[in-house]
>>> print(open('query.cif').read())   # mmCIF, C-alpha atoms; chains and numbers go by the auth columns
data_final
loop_
_atom_site.group_PDB
_atom_site.id
_atom_site.type_symbol
_atom_site.label_atom_id
_atom_site.label_comp_id
_atom_site.label_asym_id
_atom_site.label_seq_id
_atom_site.Cartn_x
_atom_site.Cartn_y
_atom_site.Cartn_z
_atom_site.B_iso_or_equiv
_atom_site.auth_seq_id
_atom_site.auth_asym_id
ATOM 1 C CA PRO A 1 0.000 0.000 0.000 0.00 1 A
ATOM 2 C CA GLN A 2 1.082 3.537 -0.737 0.00 2 A
ATOM 3 C CA ALA A 3 -0.310 6.234 1.528 0.00 3 A
ATOM 4 C CA PHE A 4 -1.375 9.555 0.016 0.00 4 A
ATOM 5 C CA THR A 5 -3.405 12.625 0.800 0.00 5 A
ATOM 6 C CA TRP A 6 -6.348 13.642 -1.343 0.00 6 A
ATOM 7 C CA THR A 7 -9.134 16.128 -1.935 0.00 7 A
ATOM 8 C CA THR A 8 -11.811 16.575 -4.613 0.00 8 A
ATOM 9 C CA SER A 9 -12.651 19.393 -6.996 0.00 9 A
ATOM 10 C CA GLY A 10 -15.705 18.891 -9.216 0.00 10 A
ATOM 11 C CA ASN A 11 -15.412 15.324 -10.479 0.00 11 A
ATOM 12 C CA TYR A 12 -11.641 15.225 -10.025 0.00 12 A
ATOM 13 C CA LEU A 13 -9.752 13.503 -7.247 0.00 13 A
ATOM 14 C CA LEU A 14 -6.524 15.347 -6.491 0.00 14 A
ATOM 15 C CA ASN A 15 -3.860 13.263 -4.769 0.00 15 A
ATOM 16 C CA SER A 16 -0.210 13.326 -3.806 0.00 16 A
ATOM 17 C CA LEU A 17 0.741 9.852 -5.098 0.00 17 A
ATOM 18 C CA ILE A 18 3.682 10.895 -7.280 0.00 18 A
ATOM 19 C CA THR A 19 5.582 13.040 -4.750 0.00 19 A
ATOM 20 C CA GLY A 20 4.725 15.012 -1.660 0.00 20 A
ATOM 21 C CA ASP A 21 5.111 18.268 -3.639 0.00 21 A
ATOM 22 C CA MET A 22 3.238 17.320 -6.807 0.00 22 A
ATOM 23 C CA TRP A 23 -0.487 16.626 -6.970 0.00 23 A
ATOM 24 C CA THR A 24 -2.049 14.502 -9.687 0.00 24 A
ATOM 25 C CA GLY A 25 -5.636 14.668 -10.876 0.00 25 A
ATOM 26 C CA LEU A 26 -7.893 11.722 -11.638 0.00 26 A
ATOM 27 C CA GLU A 27 -11.345 12.071 -13.130 0.00 27 A
ATOM 28 C CA TYR A 28 -13.911 9.991 -11.274 0.00 28 A
ATOM 29 C CA THR A 29 -17.553 8.988 -11.567 0.00 29 A
ATOM 30 C CA LEU A 30 -19.344 7.701 -8.485 0.00 30 A
ATOM 31 C CA THR A 31 -22.287 5.364 -9.065 0.00 31 A
ATOM 32 C CA ALA A 32 -22.671 3.488 -5.792 0.00 32 A
ATOM 33 C CA PRO A 33 -21.259 0.963 -5.081 0.00 33 A
ATOM 34 C CA LEU A 34 -18.768 1.705 -7.892 0.00 34 A
ATOM 35 C CA VAL A 35 -16.280 4.493 -8.447 0.00 35 A
ATOM 36 C CA LYS A 36 -14.724 4.693 -11.909 0.00 36 A
ATOM 37 C CA VAL A 37 -11.373 6.490 -12.058 0.00 37 A
ATOM 38 C CA THR A 38 -9.810 7.716 -15.322 0.00 38 A
ATOM 39 C CA GLU A 39 -6.159 8.742 -15.572 0.00 39 A
ATOM 40 C CA TYR A 40 -4.967 10.682 -18.614 0.00 40 A
ATOM 41 C CA TYR A 41 -1.375 10.505 -19.868 0.00 41 A
ATOM 42 C CA ASP A 42 0.683 12.875 -22.040 0.00 42 A
ATOM 43 C CA ASP A 43 0.800 10.359 -24.902 0.00 43 A
ATOM 44 C CA GLY A 44 -3.015 10.469 -25.185 0.00 44 A
ATOM 45 C CA LYS A 45 -3.658 7.160 -23.442 0.00 45 A
ATOM 46 C CA GLU A 46 -6.317 6.682 -20.787 0.00 46 A
ATOM 47 C CA TYR A 47 -6.158 4.214 -17.915 0.00 47 A
ATOM 48 C CA ILE A 48 -9.563 3.357 -16.422 0.00 48 A
ATOM 49 C CA SER A 49 -10.006 1.556 -13.096 0.00 49 A
ATOM 50 C CA THR A 50 -13.275 0.653 -11.402 0.00 50 A
ATOM 51 C CA PHE A 51 -13.435 0.078 -7.663 0.00 51 A
ATOM 52 C CA ILE A 52 -16.236 -1.528 -5.621 0.00 52 A
ATOM 53 C CA LYS A 53 -17.058 -0.378 -2.115 0.00 53 A
ATOM 54 C CA ASP A 54 -16.678 -3.157 0.430 0.00 54 A
ATOM 55 C CA SER A 55 -19.930 -3.082 2.408 0.00 55 A
ATOM 56 C CA GLY A 56 -18.874 -5.903 4.732 0.00 56 A
ATOM 57 C CA GLU A 57 -22.121 -7.735 3.894 0.00 57 A
ATOM 58 C CA LYS A 58 -22.275 -11.347 2.750 0.00 58 A
ATOM 59 C CA ASP A 59 -25.112 -12.622 0.563 0.00 59 A
ATOM 60 C CA PRO A 60 -26.358 -15.752 2.410 0.00 60 A
ATOM 61 C CA ALA A 61 -27.644 -17.207 -0.901 0.00 61 A
ATOM 62 C CA LEU A 62 -23.998 -17.804 -1.876 0.00 62 A
ATOM 63 C CA THR A 63 -23.352 -20.140 1.086 0.00 63 A
ATOM 64 C CA GLY A 64 -22.601 -23.707 0.042 0.00 64 A
ATOM 65 C CA THR A 65 -20.561 -25.646 -2.471 0.00 65 A
ATOM 66 C CA TRP A 66 -21.028 -24.931 -6.159 0.00 66 A
ATOM 67 C CA ASN A 67 -19.737 -27.324 -8.859 0.00 67 A
ATOM 68 C CA LEU A 68 -18.415 -25.962 -12.147 0.00 68 A
ATOM 69 C CA THR A 69 -20.713 -26.941 -15.044 0.00 69 A
ATOM 70 C CA GLY A 70 -19.785 -24.397 -17.737 0.00 70 A
ATOM 71 C CA LEU A 71 -16.933 -22.062 -18.647 0.00 71 A
ATOM 72 C CA THR A 72 -16.611 -19.311 -21.246 0.00 72 A
ATOM 73 C CA VAL A 73 -13.169 -17.770 -21.866 0.00 73 A
ATOM 74 C CA ASN A 74 -12.974 -14.459 -23.765 0.00 74 A
ATOM 75 C CA SER A 75 -16.525 -15.017 -25.102 0.00 75 A
ATOM 76 C CA PHE A 76 -15.732 -18.565 -26.306 0.00 76 A
ATOM 77 C CA PRO A 77 -17.684 -21.378 -24.562 0.00 77 A
ATOM 78 C CA LEU A 78 -15.328 -24.246 -23.774 0.00 78 A
ATOM 79 C CA PRO A 79 -16.333 -27.804 -24.675 0.00 79 A
ATOM 80 C CA SER A 80 -17.120 -29.898 -21.604 0.00 80 A
ATOM 81 C CA GLN A 81 -13.941 -31.995 -22.010 0.00 81 A
ATOM 82 C CA LEU A 82 -11.808 -28.834 -21.467 0.00 82 A
ATOM 83 C CA ILE A 83 -13.608 -27.801 -18.276 0.00 83 A
ATOM 84 C CA PRO A 84 -11.560 -28.846 -15.250 0.00 84 A
ATOM 85 C CA GLN A 85 -13.254 -31.834 -13.612 0.00 85 A
ATOM 86 C CA GLY A 86 -13.955 -31.527 -9.891 0.00 86 A
ATOM 87 C CA ALA A 87 -13.749 -27.747 -9.982 0.00 87 A
ATOM 88 C CA SER A 88 -15.771 -26.139 -7.207 0.00 88 A
ATOM 89 C CA PHE A 89 -16.468 -22.870 -5.450 0.00 89 A
ATOM 90 C CA THR A 90 -17.332 -22.928 -1.736 0.00 90 A
ATOM 91 C CA LEU A 91 -18.566 -19.985 0.334 0.00 91 A
ATOM 92 C CA ASN A 92 -19.528 -19.654 3.994 0.00 92 A
ATOM 93 C CA ALA A 93 -21.474 -16.477 4.874 0.00 93 A
ATOM 94 C CA ALA A 94 -21.196 -17.113 8.629 0.00 94 A
ATOM 95 C CA THR A 95 -17.378 -17.011 8.597 0.00 95 A
ATOM 96 C CA GLY A 96 -16.836 -14.944 5.438 0.00 96 A
ATOM 97 C CA THR A 97 -14.379 -17.549 4.121 0.00 97 A
ATOM 98 C CA GLY A 98 -14.288 -19.699 1.029 0.00 98 A
ATOM 99 C CA SER A 99 -12.220 -21.677 -1.428 0.00 99 A
ATOM 100 C CA PHE A 100 -11.992 -21.967 -5.180 0.00 100 A
ATOM 101 C CA VAL A 101 -10.649 -25.174 -6.766 0.00 101 A
ATOM 102 C CA LEU A 102 -10.025 -25.247 -10.516 0.00 102 A
ATOM 103 C CA ASP A 103 -6.785 -27.112 -11.017 0.00 103 A
ATOM 104 C CA ALA A 104 -6.644 -29.396 -7.956 0.00 104 A
ATOM 105 C CA THR A 105 -5.122 -26.578 -5.870 0.00 105 A
ATOM 106 C CA PRO A 106 -7.569 -24.791 -3.567 0.00 106 A
ATOM 107 C CA VAL A 107 -7.284 -21.020 -3.364 0.00 107 A
ATOM 108 C CA THR A 108 -8.613 -19.734 -0.046 0.00 108 A
ATOM 109 C CA TYR A 109 -9.943 -16.261 0.633 0.00 109 A
ATOM 110 C CA SER A 110 -12.242 -14.072 2.642 0.00 110 A
ATOM 111 C CA TRP A 111 -15.166 -12.419 0.870 0.00 111 A
ATOM 112 C CA THR A 112 -17.995 -9.887 1.000 0.00 112 A
ATOM 113 C CA THR A 113 -20.755 -8.787 -1.388 0.00 113 A
ATOM 114 C CA ASN A 114 -22.305 -5.499 -2.456 0.00 114 A
ATOM 115 C CA SER A 115 -25.171 -5.038 -4.953 0.00 115 A
ATOM 116 C CA GLY A 116 -24.425 -8.055 -7.185 0.00 116 A
ATOM 117 C CA TYR A 117 -20.642 -7.816 -6.819 0.00 117 A
ATOM 118 C CA LEU A 118 -18.527 -10.388 -5.043 0.00 118 A
ATOM 119 C CA LEU A 119 -15.250 -9.165 -3.538 0.00 119 A
ATOM 120 C CA LEU A 120 -12.589 -11.825 -2.939 0.00 120 A
ATOM 121 C CA TYR A 121 -9.501 -11.333 -0.804 0.00 121 A
ATOM 122 C CA PRO A 122 -6.954 -14.155 -1.294 0.00 122 A
ATOM 123 C CA THR A 123 -5.271 -15.357 1.879 0.00 123 A
ATOM 124 C CA VAL A 124 -2.011 -15.925 -0.032 0.00 124 A
ATOM 125 C CA ALA A 125 -0.883 -13.012 -2.207 0.00 125 A
ATOM 126 C CA LEU A 126 0.614 -15.292 -4.884 0.00 126 A
ATOM 127 C CA GLN A 127 -2.809 -16.875 -5.458 0.00 127 A
ATOM 128 C CA GLN A 128 -4.352 -13.671 -6.746 0.00 128 A
ATOM 129 C CA ILE A 129 -7.956 -14.225 -7.862 0.00 129 A
ATOM 130 C CA GLY A 130 -8.943 -10.659 -8.481 0.00 130 A
ATOM 131 C CA ILE A 131 -10.839 -8.106 -6.468 0.00 131 A
ATOM 132 C CA GLY A 132 -14.431 -7.657 -7.583 0.00 132 A
ATOM 133 C CA GLN A 133 -16.579 -9.793 -9.822 0.00 133 A
ATOM 134 C CA THR A 134 -20.227 -9.703 -10.811 0.00 134 A
ATOM 135 C CA TYR A 135 -22.454 -12.640 -9.937 0.00 135 A
ATOM 136 C CA THR A 136 -26.058 -13.739 -10.368 0.00 136 A
ATOM 137 C CA ILE A 137 -28.004 -16.602 -8.829 0.00 137 A
ATOM 138 C CA SER A 138 -30.974 -18.134 -10.598 0.00 138 A
ATOM 139 C CA GLY A 139 -32.405 -21.132 -8.749 0.00 139 A
ATOM 140 C CA SER A 140 -29.484 -23.478 -8.159 0.00 140 A
ATOM 141 C CA THR A 141 -27.266 -21.843 -10.827 0.00 141 A
ATOM 142 C CA LEU A 142 -24.547 -19.316 -10.035 0.00 142 A
ATOM 143 C CA THR A 143 -22.977 -17.287 -12.841 0.00 143 A
ATOM 144 C CA PHE A 144 -19.744 -15.599 -11.896 0.00 144 A
ATOM 145 C CA SER A 145 -17.364 -13.569 -14.048 0.00 145 A
ATOM 146 C CA MET A 146 -13.679 -13.212 -13.283 0.00 146 A
ATOM 147 C CA ALA A 147 -10.757 -11.423 -14.893 0.00 147 A
ATOM 148 C CA PHE A 148 -7.328 -13.050 -14.961 0.00 148 A
ATOM 149 C CA ASN A 149 -3.931 -11.923 -16.088 0.00 149 A
ATOM 150 C CA ALA A 150 -1.788 -14.442 -17.999 0.00 150 A
ATOM 151 C CA LYS A 151 0.110 -15.525 -14.872 0.00 151 A
ATOM 152 C CA ALA A 152 -3.092 -16.222 -12.939 0.00 152 A
ATOM 153 C CA ILE A 153 -4.779 -18.173 -15.741 0.00 153 A
ATOM 154 C CA GLY A 154 -1.632 -20.264 -16.158 0.00 154 A
ATOM 155 C CA TYR A 155 -1.797 -21.030 -12.434 0.00 155 A
ATOM 156 C CA PHE A 156 -5.480 -21.991 -12.433 0.00 156 A
ATOM 157 C CA PHE A 157 -5.535 -23.914 -15.720 0.00 157 A
ATOM 158 C CA GLY A 158 -1.994 -25.328 -15.729 0.00 158 A
ATOM 159 C CA SER A 159 -3.161 -28.951 -16.109 0.00 159 A
ATOM 160 C CA SER A 160 -4.806 -28.164 -19.453 0.00 160 A
ATOM 161 C CA PRO A 161 -2.086 -27.838 -22.130 0.00 161 A
ATOM 162 C CA LEU A 162 -4.510 -26.042 -24.477 0.00 162 A
ATOM 163 C CA LEU A 163 -5.536 -23.457 -21.859 0.00 163 A
ATOM 164 C CA ALA A 164 -1.967 -23.064 -20.564 0.00 164 A
ATOM 165 C CA THR A 165 -0.757 -22.340 -24.118 0.00 165 A
ATOM 166 C CA TYR A 166 -3.635 -19.916 -24.631 0.00 166 A
ATOM 167 C CA ALA A 167 -2.801 -18.191 -21.330 0.00 167 A
ATOM 168 C CA ALA A 168 0.806 -17.699 -22.408 0.00 168 A
ATOM 169 C CA SER A 169 -0.340 -15.943 -25.597 0.00 169 A
ATOM 170 C CA VAL A 170 -2.606 -13.324 -24.006 0.00 170 A
ATOM 171 C CA GLU A 171 -2.274 -10.673 -21.330 0.00 171 A
ATOM 172 C CA TYR A 172 -5.834 -10.617 -20.044 0.00 172 A
ATOM 173 C CA VAL A 173 -8.623 -13.185 -19.911 0.00 173 A
ATOM 174 C CA LYS A 174 -12.253 -12.745 -18.924 0.00 174 A
ATOM 175 C CA ALA A 175 -13.855 -15.988 -17.799 0.00 175 A
ATOM 176 C CA ILE A 176 -17.543 -16.561 -17.112 0.00 176 A
ATOM 177 C CA PHE A 177 -18.148 -19.547 -14.862 0.00 177 A
ATOM 178 C CA THR A 178 -21.444 -21.382 -14.461 0.00 178 A
ATOM 179 C CA PHE A 179 -21.848 -23.369 -11.264 0.00 179 A
ATOM 180 C CA THR A 180 -24.628 -25.610 -9.962 0.00 180 A
ATOM 181 C CA LYS A 181 -25.229 -25.832 -6.226 0.00 181 A
ATOM 182 C CA GLN A 182 -24.344 -29.206 -4.749 0.00 182 A
#
>>> encode(input="query.cif", output="structure tokens")
Amino acid sequence: PQAFTWTTSGNYLLNSLITGDMWTGLEYTLTAPLVKVTEYYDDGKEYISTFIKDSGEKDPALTGTWNLTGLTVNSFPLPSQLIPQGASFTLNAATGTGSFVLDATPVTYSWTTNSGYLLLYPTVALQQIGIGQTYTISGSTLTFSMAFNAKAIGYFFGSSPLLATYAASVEYVKAIFTFTKQ
């Protein structure tokens, strides 16, 4: 973490992240529970980040073990034979803990929810899942989207040569998981 001071002016957040003497400005849009921050660079590029407020709440409907039944990677639905067998997602609203198993290695975390967003906090920094994902529950089906960088997707899908090769060729992967409650 990097500490900084900040203030707002209109829809700009002014902060002292670069140096104590130099303030930077970030444009922001607040639509609870999200804040979208846009940084502008001299070369004309924009960097957009979206943050989700951690409400500390836990949706009790997520409690239980969910088995992976479908997976879409970068808008491409994977055939069932490429979906990791035995993959599961377990959540406990009473303790705020859970685990995610895709490639025989469980990733543990704490979690909270806010307005259809699930926030995951890995207990081991090297097992980075992500921060906030959208989710929906319809009956006994949970749909959950997650963004991975190439290193993370290689970690989670390392036992699949096809997915590991794909992971090595891209920087960013968006996966949409479909789970059925056990």
>>> residues_around(input="query.cif", residues="A:Tyr135", least_positions_apart="3", cutoff="10 Å", atoms="only C-alpha atoms", output="list in words")
Leu62, Thr113, Ser115, Gly116, Tyr117, Leu118, Gly132, Leu142, Thr143, Phe144, Ser145, Met146, Ile176, Phe177 and Thr178 of chain A
>>> closest_atom_pairs(input="query.cif", of="stretch 27-62 of chain A", to="stretch 84-96 of chain A", cutoff="7 Å", atoms="all atoms listed in the file", output="JSON lines")
{"residue": "A:Lys58", "atom": "CA", "partner": "A:Ala93", "partner_atom": "CA", "distance": 5.6}
{"residue": "A:Asp59", "atom": "CA", "partner": "A:Ala93", "partner_atom": "CA", "distance": 6.8}
{"residue": "A:Pro60", "atom": "CA", "partner": "A:Ala93", "partner_atom": "CA", "distance": 5.5}
{"residue": "A:Leu62", "atom": "CA", "partner": "A:Leu91", "partner_atom": "CA", "distance": 6.3}
>>> residues_near_point(input="query.cif", point="(-13.5, 11.2, -16.6)", cutoff="12 Å", atoms="all atoms listed in the file", output="PyMOL selection string")
chain A and resi 10-13+25-30+35-40+46-50
>>> write_last_selection(input="query.cif", atoms="C-alpha atoms", output="CSV table (one decimal), in the frame of the given file")
chain,number,residue,atom,x,y,z
A,10,GLY,CA,-15.7,18.9,-9.2
A,11,ASN,CA,-15.4,15.3,-10.5
A,12,TYR,CA,-11.6,15.2,-10.0
A,13,LEU,CA,-9.8,13.5,-7.2
A,25,GLY,CA,-5.6,14.7,-10.9
A,26,LEU,CA,-7.9,11.7,-11.6
A,27,GLU,CA,-11.3,12.1,-13.1
A,28,TYR,CA,-13.9,10.0,-11.3
A,29,THR,CA,-17.6,9.0,-11.6
A,30,LEU,CA,-19.3,7.7,-8.5
A,35,VAL,CA,-16.3,4.5,-8.4
A,36,LYS,CA,-14.7,4.7,-11.9
A,37,VAL,CA,-11.4,6.5,-12.1
A,38,THR,CA,-9.8,7.7,-15.3
A,39,GLU,CA,-6.2,8.7,-15.6
A,40,TYR,CA,-5.0,10.7,-18.6
A,46,GLU,CA,-6.3,6.7,-20.8
A,47,TYR,CA,-6.2,4.2,-17.9
A,48,ILE,CA,-9.6,3.4,-16.4
A,49,SER,CA,-10.0,1.6,-13.1
A,50,THR,CA,-13.3,0.7,-11.4
>>> atom_distance(input="query.cif", atom1="atom CA of A:Ala32", atom2="atom CA of A:Lys53")
7.7 Å
>>> residues_around(input="query.cif", residues="A:Pro77", least_positions_apart="4", cutoff="12 Å", atoms="only C-alpha atoms", output="list in words")
Thr69, Gly70, Leu71, Thr72, Val73, Gln81, Leu82, Ile83, Lys174, Ala175, Ile176, Phe177 and Thr178 of chain A
>>> atom_distance(input="query.cif", atom1="atom CA of A:Leu119", atom2="atom CA of A:Asp54")
7.3 Å
>>> closest_residue(input="query.cif", among="A:Leu34, A:Asn67, A:Ile137, A:Leu120", to="A:Phe51", atoms="only C-alpha atoms")
A:Leu34
>>> atom_distance(input="query.cif", atom1="atom CA of A:Gln133", atom2="atom CA of A:Trp111")
11.1 Å
>>> decode(input="query.cif", residues="stretch 32-90 of chain A", atoms="C-alpha atoms", output="compact mmCIF listing (two decimals), in the first residue's frame")
# COMPACT_ATOMS: atom_id res chain seq x y z
CA ALA A 32 -22.67 3.49 -5.79
CA PRO A 33 -21.26 0.96 -5.08
CA LEU A 34 -18.77 1.71 -7.89
CA VAL A 35 -16.28 4.49 -8.45
CA LYS A 36 -14.72 4.69 -11.91
CA VAL A 37 -11.37 6.49 -12.06
CA THR A 38 -9.81 7.72 -15.32
CA GLU A 39 -6.16 8.74 -15.57
CA TYR A 40 -4.97 10.68 -18.61
CA TYR A 41 -1.38 10.51 -19.87
CA ASP A 42 0.68 12.87 -22.04
CA ASP A 43 0.80 10.36 -24.90
CA GLY A 44 -3.02 10.47 -25.18
CA LYS A 45 -3.66 7.16 -23.44
CA GLU A 46 -6.32 6.68 -20.79
CA TYR A 47 -6.16 4.21 -17.92
CA ILE A 48 -9.56 3.36 -16.42
CA SER A 49 -10.01 1.56 -13.10
CA THR A 50 -13.28 0.65 -11.40
CA PHE A 51 -13.43 0.08 -7.66
CA ILE A 52 -16.24 -1.53 -5.62
CA LYS A 53 -17.06 -0.38 -2.11
CA ASP A 54 -16.68 -3.16 0.43
CA SER A 55 -19.93 -3.08 2.41
CA GLY A 56 -18.87 -5.90 4.73
CA GLU A 57 -22.12 -7.74 3.89
CA LYS A 58 -22.28 -11.35 2.75
CA ASP A 59 -25.11 -12.62 0.56
CA PRO A 60 -26.36 -15.75 2.41
CA ALA A 61 -27.64 -17.21 -0.90
CA LEU A 62 -24.00 -17.80 -1.88
CA THR A 63 -23.35 -20.14 1.09
CA GLY A 64 -22.60 -23.71 0.04
CA THR A 65 -20.56 -25.65 -2.47
CA TRP A 66 -21.03 -24.93 -6.16
CA ASN A 67 -19.74 -27.32 -8.86
CA LEU A 68 -18.42 -25.96 -12.15
CA THR A 69 -20.71 -26.94 -15.04
CA GLY A 70 -19.78 -24.40 -17.74
CA LEU A 71 -16.93 -22.06 -18.65
CA THR A 72 -16.61 -19.31 -21.25
CA VAL A 73 -13.17 -17.77 -21.87
CA ASN A 74 -12.97 -14.46 -23.76
CA SER A 75 -16.52 -15.02 -25.10
CA PHE A 76 -15.73 -18.56 -26.31
CA PRO A 77 -17.68 -21.38 -24.56
CA LEU A 78 -15.33 -24.25 -23.77
CA PRO A 79 -16.33 -27.80 -24.67
CA SER A 80 -17.12 -29.90 -21.60
CA GLN A 81 -13.94 -32.00 -22.01
CA LEU A 82 -11.81 -28.83 -21.47
CA ILE A 83 -13.61 -27.80 -18.28
CA PRO A 84 -11.56 -28.85 -15.25
CA GLN A 85 -13.25 -31.83 -13.61
CA GLY A 86 -13.96 -31.53 -9.89
CA ALA A 87 -13.75 -27.75 -9.98
CA SER A 88 -15.77 -26.14 -7.21
CA PHE A 89 -16.47 -22.87 -5.45
CA THR A 90 -17.33 -22.93 -1.74
